[in-house]
file query18.cif (mmCIF, C-alpha atoms)
data_final
#
loop_
_atom_site.label_atom_id
_atom_site.label_comp_id
_atom_site.auth_asym_id
_atom_site.auth_seq_id
_atom_site.Cartn_x
_atom_site.Cartn_y
_atom_site.Cartn_z
CA MET V 1 -130.24 143.32 -265.63
CA GLY V 2 -127.57 141.49 -267.60
CA ARG V 3 -124.63 143.13 -265.88
CA LEU V 4 -123.03 139.68 -265.40
CA ASP V 5 -124.03 138.05 -268.68
CA GLY V 6 -121.57 135.27 -269.54
CA LYS V 7 -119.84 135.36 -266.16
CA VAL V 8 -119.24 132.27 -264.03
CA ALA V 9 -119.07 132.94 -260.29
CA LEU V 10 -118.07 130.82 -257.32
CA ILE V 11 -119.84 132.01 -254.18
CA THR V 12 -118.77 130.58 -250.83
CA GLY V 13 -121.19 130.36 -247.93
CA GLY V 14 -123.96 130.40 -250.51
CA ALA V 15 -126.51 128.29 -248.64
CA ARG V 16 -128.05 131.11 -246.61
CA GLY V 17 -127.86 134.76 -245.64
CA MET V 18 -125.86 137.09 -247.84
CA GLY V 19 -124.41 134.20 -249.84
CA LYS V 20 -127.88 133.07 -250.84
CA ALA V 21 -128.79 136.64 -251.80
CA HIS V 22 -125.61 136.90 -253.89
CA ALA V 23 -126.48 133.67 -255.72
CA ARG V 24 -129.98 134.91 -256.53
CA HIS V 25 -128.88 138.37 -257.62
CA PHE V 26 -125.94 137.15 -259.69
CA THR V 27 -128.26 134.75 -261.50
CA ALA V 28 -130.76 137.54 -262.15
CA GLU V 29 -127.89 139.56 -263.62
CA GLY V 30 -127.03 136.76 -266.05
CA ALA V 31 -124.27 134.86 -264.25
CA ARG V 32 -123.98 131.12 -263.83
CA VAL V 33 -123.12 130.26 -260.25
CA VAL V 34 -121.33 127.58 -258.29
CA ILE V 35 -122.45 127.58 -254.67
CA GLY V 36 -120.08 126.27 -252.05
CA ASP V 37 -121.06 125.55 -248.46
CA VAL V 38 -120.80 122.95 -245.70
CA LEU V 39 -124.60 123.09 -245.35
CA GLU V 40 -125.36 120.55 -248.05
CA GLU V 41 -129.14 120.36 -247.96
CA LYS V 42 -129.64 124.12 -247.89
CA GLY V 43 -126.92 124.66 -250.46
CA ARG V 44 -128.45 122.20 -252.91
CA ARG V 45 -131.84 123.88 -252.54
CA VAL V 46 -130.35 127.26 -253.43
CA ALA V 47 -128.47 125.77 -256.40
CA ASP V 48 -131.67 124.13 -257.64
CA GLU V 49 -133.56 127.40 -257.24
CA VAL V 50 -131.11 129.43 -259.32
CA GLY V 51 -130.11 126.74 -261.80
CA GLY V 52 -126.58 126.59 -260.46
CA VAL V 53 -124.21 123.92 -259.21
CA PHE V 54 -123.61 123.01 -255.57
CA VAL V 55 -120.33 121.72 -254.16
CA ARG V 56 -119.71 120.77 -250.57
CA HIS V 57 -117.00 123.22 -249.68
CA ASP V 58 -115.12 123.77 -246.43
CA VAL V 59 -113.18 126.98 -247.08
CA THR V 60 -110.44 125.93 -244.65
CA SER V 61 -109.58 122.94 -246.88
CA ALA V 62 -107.19 123.47 -249.79
CA ASP V 63 -108.49 120.26 -251.37
CA ASP V 64 -112.07 121.51 -251.22
CA TRP V 65 -110.97 124.70 -252.94
CA LYS V 66 -109.42 122.68 -255.77
CA ASP V 67 -112.66 120.73 -256.13
CA ALA V 68 -114.79 123.88 -256.17
CA VAL V 69 -112.71 125.57 -258.86
CA ALA V 70 -112.66 122.34 -260.86
CA ALA V 71 -116.47 122.14 -260.62
CA ALA V 72 -116.79 125.61 -262.12
CA SER V 73 -114.51 124.67 -265.02
CA GLN V 74 -116.15 121.31 -265.58
CA HIS V 75 -119.72 122.62 -265.59
CA PHE V 76 -119.27 126.02 -267.18
CA GLY V 77 -115.84 125.99 -268.84
CA HIS V 78 -114.17 128.76 -266.86
CA ILE V 79 -114.40 130.95 -263.76
CA ASP V 80 -114.59 134.74 -263.83
CA VAL V 81 -115.65 135.72 -260.31
CA LEU V 82 -114.92 134.58 -256.77
CA VAL V 83 -117.02 135.91 -253.92
CA ASN V 84 -115.29 135.05 -250.65
CA ASN V 85 -118.44 135.28 -248.57
CA ALA V 86 -118.20 132.38 -246.09
CA GLY V 87 -117.65 133.49 -242.53
CA ILE V 88 -118.30 132.66 -238.89
CA LEU V 89 -118.62 134.71 -235.74
CA ARG V 90 -117.84 133.76 -232.15
CA HIS V 91 -118.74 136.25 -229.43
CA ALA V 92 -116.73 136.30 -226.18
CA PRO V 93 -114.54 138.73 -224.25
CA VAL V 94 -110.81 138.27 -224.87
CA ALA V 95 -110.29 136.97 -221.33
CA GLU V 96 -112.95 134.30 -221.81
CA MET V 97 -112.51 133.25 -225.45
CA THR V 98 -110.81 129.92 -226.02
CA GLU V 99 -107.80 129.62 -228.27
CA GLU V 100 -109.75 127.05 -230.27
CA ASP V 101 -112.56 129.53 -231.00
CA PHE V 102 -110.14 132.32 -231.87
CA ARG V 103 -108.25 130.13 -234.32
CA ALA V 104 -111.47 128.77 -235.83
CA VAL V 105 -112.69 132.26 -236.73
CA LEU V 106 -109.35 133.20 -238.31
CA ASP V 107 -109.22 129.90 -240.18
CA VAL V 108 -112.59 130.42 -241.85
CA ASN V 109 -112.68 134.18 -242.30
CA LEU V 110 -109.06 134.95 -243.14
CA VAL V 111 -107.16 131.78 -244.04
CA GLY V 112 -110.19 130.57 -246.02
CA THR V 113 -110.19 133.81 -248.00
CA TRP V 114 -106.47 133.49 -248.71
CA LEU V 115 -106.88 129.88 -249.82
CA GLY V 116 -109.64 130.97 -252.18
CA ILE V 117 -107.58 133.69 -253.80
CA ARG V 118 -104.71 131.28 -254.30
CA ALA V 119 -107.00 128.60 -255.71
CA VAL V 120 -108.63 130.71 -258.44
CA VAL V 121 -105.52 132.45 -259.75
CA PRO V 122 -104.47 129.75 -262.27
CA ALA V 123 -107.97 129.47 -263.78
CA MET V 124 -108.47 133.24 -263.92
CA ARG V 125 -105.02 133.78 -265.39
CA GLU V 126 -105.82 131.23 -268.11
CA ALA V 127 -109.13 132.99 -268.79
CA GLY V 128 -107.38 136.35 -269.12
CA GLY V 129 -108.56 137.88 -265.85
CA GLY V 130 -111.32 137.97 -263.32
CA SER V 131 -112.73 139.63 -260.23
CA ILE V 132 -112.37 138.60 -256.58
CA VAL V 133 -114.70 140.18 -254.04
CA ASN V 134 -113.82 139.59 -250.40
CA ILE V 135 -116.62 140.12 -247.89
CA SER V 136 -115.21 141.81 -244.80
CA SER V 137 -117.22 143.91 -242.32
CA ILE V 138 -117.38 147.27 -240.59
CA GLU V 139 -115.55 145.35 -237.84
CA GLY V 140 -112.63 145.43 -240.27
CA PHE V 141 -112.51 149.19 -239.68
CA ALA V 142 -113.62 149.54 -236.06
CA GLY V 143 -113.14 146.94 -233.38
CA ALA V 144 -116.08 145.79 -231.30
CA ALA V 145 -116.08 144.50 -227.72
CA GLY V 146 -116.58 140.75 -227.64
CA LEU V 147 -115.60 140.34 -231.28
CA SER V 148 -111.81 140.22 -231.04
CA ALA V 149 -111.46 137.20 -233.32
CA TYR V 150 -114.00 138.44 -235.83
CA SER V 151 -112.53 141.94 -235.93
CA ALA V 152 -108.99 140.59 -236.28
CA SER V 153 -110.05 138.37 -239.16
CA LYS V 154 -111.87 141.17 -240.96
CA PHE V 155 -109.02 143.63 -240.50
CA GLY V 156 -106.83 140.88 -241.98
CA VAL V 157 -109.10 140.59 -245.02
CA ARG V 158 -108.42 144.26 -245.75
CA GLY V 159 -104.67 143.74 -245.81
CA LEU V 160 -104.98 140.55 -247.82
CA THR V 161 -107.19 142.30 -250.37
CA ARG V 162 -104.72 145.11 -250.88
CA SER V 163 -101.72 142.80 -251.21
CA ALA V 164 -103.52 140.50 -253.63
CA ALA V 165 -104.61 143.48 -255.73
CA GLN V 166 -100.98 144.57 -256.00
CA GLU V 167 -99.86 141.11 -257.08
CA LEU V 168 -102.67 140.17 -259.44
CA GLY V 169 -103.43 143.37 -261.32
CA ALA V 170 -100.94 142.56 -264.05
CA LEU V 171 -102.83 139.31 -264.67
CA GLY V 172 -106.10 141.16 -265.19
CA ILE V 173 -107.45 139.99 -261.83
CA ARG V 174 -109.10 142.65 -259.70
CA VAL V 175 -109.46 142.22 -255.92
CA ASN V 176 -111.74 144.39 -253.78
CA SER V 177 -113.41 144.17 -250.37
CA VAL V 178 -116.95 144.95 -249.21
CA HIS V 179 -117.64 145.93 -245.62
CA PRO V 180 -121.29 145.53 -244.61
CA GLY V 181 -122.74 146.95 -241.43
CA GLY V 182 -125.93 145.56 -239.93
CA VAL V 183 -127.61 143.18 -242.39
CA MET V 184 -130.81 141.21 -241.87
CA THR V 185 -129.24 137.73 -241.81
CA SER V 186 -129.59 134.95 -239.26
CA MET V 187 -125.93 135.23 -238.24
CA ALA V 188 -126.12 138.97 -237.67
CA MET V 189 -129.38 138.80 -235.77
CA ALA V 190 -128.09 135.96 -233.57
CA ALA V 191 -124.98 137.99 -232.81
CA ALA V 192 -127.09 141.00 -231.86
CA GLN V 193 -129.10 138.88 -229.44
CA THR V 194 -125.90 137.48 -227.92
CA MET V 195 -124.48 140.95 -227.41
CA THR V 196 -127.13 141.82 -224.83
CA ALA V 197 -125.39 145.06 -223.89
CA VAL V 198 -126.13 146.49 -227.33
CA ASP V 199 -129.20 148.73 -227.51
CA GLY V 200 -130.65 147.95 -230.93
CA SER V 201 -132.76 151.08 -231.18
CA GLY V 202 -129.81 153.17 -230.03
CA PHE V 203 -127.63 151.59 -232.68
CA LEU V 204 -130.11 152.42 -235.42
CA LYS V 205 -130.39 156.03 -234.25
CA GLN V 206 -126.67 156.44 -234.99
CA LEU V 207 -127.22 155.66 -238.66
CA PRO V 208 -127.94 158.26 -241.32
CA ILE V 209 -129.92 155.46 -242.98
CA ALA V 210 -131.66 154.32 -239.82
CA ARG V 211 -132.32 150.65 -240.53
CA PHE V 212 -130.56 147.36 -241.16
CA ALA V 213 -129.73 146.45 -244.75
CA GLU V 214 -131.55 143.79 -246.72
CA PRO V 215 -129.04 141.19 -248.02
CA VAL V 216 -129.74 142.06 -251.65
CA GLU V 217 -128.53 145.61 -251.02
CA ILE V 218 -125.10 144.17 -250.37
CA SER V 219 -125.45 141.82 -253.35
CA ARG V 220 -125.94 144.75 -255.73
CA LEU V 221 -122.61 146.23 -254.65
CA VAL V 222 -120.86 142.86 -254.94
CA ALA V 223 -122.31 142.38 -258.44
CA PHE V 224 -121.02 145.79 -259.51
CA LEU V 225 -117.51 144.88 -258.38
CA ALA V 226 -117.78 141.52 -260.14
CA SER V 227 -118.84 143.17 -263.38
CA ASP V 228 -116.92 144.89 -266.14
CA ASP V 229 -118.45 148.18 -264.96
CA ALA V 230 -115.76 148.12 -262.24
CA SER V 231 -112.94 147.42 -264.69
CA TYR V 232 -110.61 150.10 -263.25
CA THR V 233 -111.32 149.31 -259.59
CA THR V 234 -108.97 147.14 -257.55
CA GLY V 235 -107.50 147.15 -254.06
CA ALA V 236 -110.46 149.23 -252.89
CA GLU V 237 -112.69 149.01 -249.83
CA PHE V 238 -116.43 149.62 -250.03
CA LEU V 239 -118.47 150.37 -246.93
CA ALA V 240 -122.16 149.42 -246.97
CA ASP V 241 -123.07 150.42 -243.43
CA GLY V 242 -125.87 152.95 -243.69
CA GLY V 243 -123.33 155.68 -242.99
CA LEU V 244 -122.37 154.40 -239.53
CA LEU V 245 -118.63 154.97 -239.90
CA SER V 246 -119.11 158.40 -241.47
CA GLY V 247 -119.97 159.95 -238.12
CA PRO V 248 -118.01 161.43 -235.21
CA GLY V 249 -115.57 159.13 -233.49
CA TYR V 250 -114.61 157.09 -236.55
#

call {"tool": "encode", "arguments": {"input": "query18.cif", "output": "structure tokens"}}
result
Amino acid sequence: MGRLDGKVALITGGARGMGKAHARHFTAEGARVVIGDVLEEKGRRVADEVGGVFVRHDVTSADDWKDAVAAASQHFGHIDVLVNNAGILRHAPVAEMTEEDFRAVLDVNLVGTWLGIRAVVPAMREAGGGSIVNISSIEGFAGAAGLSAYSASKFGVRGLTRSAAQELGALGIRVNSVHPGGVMTSMAMAAAQTMTAVDGSGFLKQLPIARFAEPVEISRLVAFLASDDASYTTGAEFLADGGLLSGPGY
């Protein structure tokens, strides 16, 4: 414990799922956290639990990003870490998905991530550096039927991460991406139920680690990348998928 002592982190989508786990684990590691989410009641409960600050934050809004970064500076004096965790998923075949749904997923998952990187650069530059961790997915490496928008957005996060790492390294700002596989969150479980063609037991049998991840297992990796222990790591992609993409066919 104490890996993040003195760090101030902004975590988007922090009201539930992996974001909530990140907030708890970061706090346990010594960080002070600002939790952003559109789910106000749940977000405030998490902030109260961990002794952090909640801001209502729509990641597709540039103004909301300014407010979230300002909240971190106002309450804690600076910002060291951004975890671009907020994301949505819409499941439909390409031929049946609406343009509105496709654009909505890209707006939150990809444009929202880009807006976040842009928003924290001035504050991190003033502080002498920082760490940005973008949460992508295994669908950023391998497309999945019915997830065209989600896969496109998560592939995009990979490219964005690499470009931002190239631009921001000289400012002392590191940018990396994390690519979870199956995680025990409400969004992931709802998606699995929607994708009725997927055989859950068959999926697990493909994994060298034959189970879904607990959210905190992803949080530990994110905290490492946020910490000074990862001081020479930028522009990198970290799979946390139980070994799924290590096998034949990938």

call {"tool": "residues_near_point", "arguments": {"input": "query18.cif", "point": "(-130.8, 134.3, -250.5)", "cutoff": "12 Å", "atoms": "only C-alpha atoms", "output": "NGL selection string"}}
result
:V and (11 or 13-27 or 35 or 42-43 or 45-47 or 49-50 or 184-186 or 214-219)

call {"tool": "resolve_selection", "arguments": {"input": "query18.cif", "expression": "the PyMOL selection byres ((chain V and resi 162-170) around 9)", "output": "number ranges by chain"}}
result
V: 117, 121, 129, 157-161, 171-177, 234-237

call {"tool": "resolve_selection", "arguments": {"input": "query18.cif", "expression": "the PyMOL selection byres ((chain V and resi 182) around 8)", "output": "ChimeraX atom specification"}}
result
/V:180-181,183-184,188,212-213,241

call {"tool": "resolve_selection", "arguments": {"input": "query18.cif", "expression": "the PyMOL selection byres ((chain V and resi 52) around 7)", "output": "JSON, numbers by chain"}}
result
{"V": [32, 33, 34, 47, 48, 50, 51, 53, 54]}

call {"tool": "residues_around", "arguments": {"input": "query18.cif", "residues": "region 87-92 of chain V", "least_positions_apart": "3", "cutoff": "6 Å", "atoms": "only C-alpha atoms", "output": "VMD selection string"}}
result
chain V and resid 97 108 to 109 146 to 147 150

call {"tool": "write_last_selection", "arguments": {"input": "query18.cif", "atoms": "C-alpha atoms", "output": "PDB file, keeping the file's coordinate frame"}}
result
ATOM      1  CA  MET V  97    -112.510 133.250-225.450  1.00  0.00           C
ATOM      2  CA  VAL V 108    -112.590 130.420-241.850  1.00  0.00           C
ATOM      3  CA  ASN V 109    -112.680 134.180-242.300  1.00  0.00           C
ATOM      4  CA  GLY V 146    -116.580 140.750-227.640  1.00  0.00           C
ATOM      5  CA  LEU V 147    -115.600 140.340-231.280  1.00  0.00           C
ATOM      6  CA  TYR V 150    -114.000 138.440-235.830  1.00  0.00           C
TER       7      TYR V 150
END

call {"tool": "closest_residue", "arguments": {"input": "query18.cif", "among": "V:Ser136, V:Asp37, V:Lys66, V:Phe224", "to": "Pro122 (chain V)", "atoms": "all atoms listed in the file"}}
result
V:Lys66

call {"tool": "atom_distance", "arguments": {"input": "query18.cif", "atom1": "CA of Pro248 (chain V)", "atom2": "CA of Ala152 (chain V)"}}
result
22.7 Å

call {"tool": "closest_residue", "arguments": {"input": "query18.cif", "among": "V:Arg220, V:Arg56, V:Leu204, V:Leu110", "to": "Leu244 (chain V)", "atoms": "only C-alpha atoms"}}
result
V:Leu204

call {"tool": "atom_distance", "arguments": {"input": "query18.cif", "atom1": "CA of Pro93 (chain V)", "atom2": "CA of Ala149 (chain V)"}}
result
9.7 Å

call {"tool": "residues_around", "arguments": {"input": "query18.cif", "residues": "Val120 (chain V)", "least_positions_apart": "6", "cutoff": "8 Å", "atoms": "only C-alpha atoms", "output": "list in words"}}
result
Val69, Ile79 and Leu82 of chain V

call {"tool": "write_last_selection", "arguments": {"input": "query18.cif", "atoms": "C-alpha atoms", "output": "PDB file, keeping the file's coordinate frame"}}
result
ATOM      1  CA  VAL V  69    -112.710 125.570-258.860  1.00  0.00           C
ATOM      2  CA  ILE V  79    -114.400 130.950-263.760  1.00  0.00           C
ATOM      3  CA  LEU V  82    -114.920 134.580-256.770  1.00  0.00           C
TER       4      LEU V  82
END

call {"tool": "closest_residue", "arguments": {"input": "query18.cif", "among": "V:Gly116, V:Ser131, V:Tyr250, V:Leu225", "to": "Asp63 (chain V)", "atoms": "all atoms listed in the file"}}
result
V:Gly116

call {"tool": "atom_distance", "arguments": {"input": "query18.cif", "atom1": "CA of Ile138 (chain V)", "atom2": "CA of Gly156 (chain V)"}}
result
12.4 Å

call {"tool": "residues_around", "arguments": {"input": "query18.cif", "residues": "Glu29 (chain V)", "least_positions_apart": "3", "cutoff": "8 Å", "atoms": "all atoms listed in the file", "output": "JSON, numbers by chain"}}
result
{"V": [1, 2, 3, 4, 5, 25, 26]}

call {"tool": "write_last_selection", "arguments": {"input": "query18.cif", "atoms": "C-alpha atoms", "output": "PDB file, keeping the file's coordinate frame"}}
result
ATOM      1  CA  MET V   1    -130.240 143.320-265.630  1.00  0.00           C
ATOM      2  CA  GLY V   2    -127.570 141.490-267.600  1.00  0.00           C
ATOM      3  CA  ARG V   3    -124.630 143.130-265.880  1.00  0.00           C
ATOM      4  CA  LEU V   4    -123.030 139.680-265.400  1.00  0.00           C
ATOM      5  CA  ASP V   5    -124.030 138.050-268.680  1.00  0.00           C
ATOM      6  CA  HIS V  25    -128.880 138.370-257.620  1.00  0.00           C
ATOM      7  CA  PHE V  26    -125.940 137.150-259.690  1.00  0.00           C
TER       8      PHE V  26
END
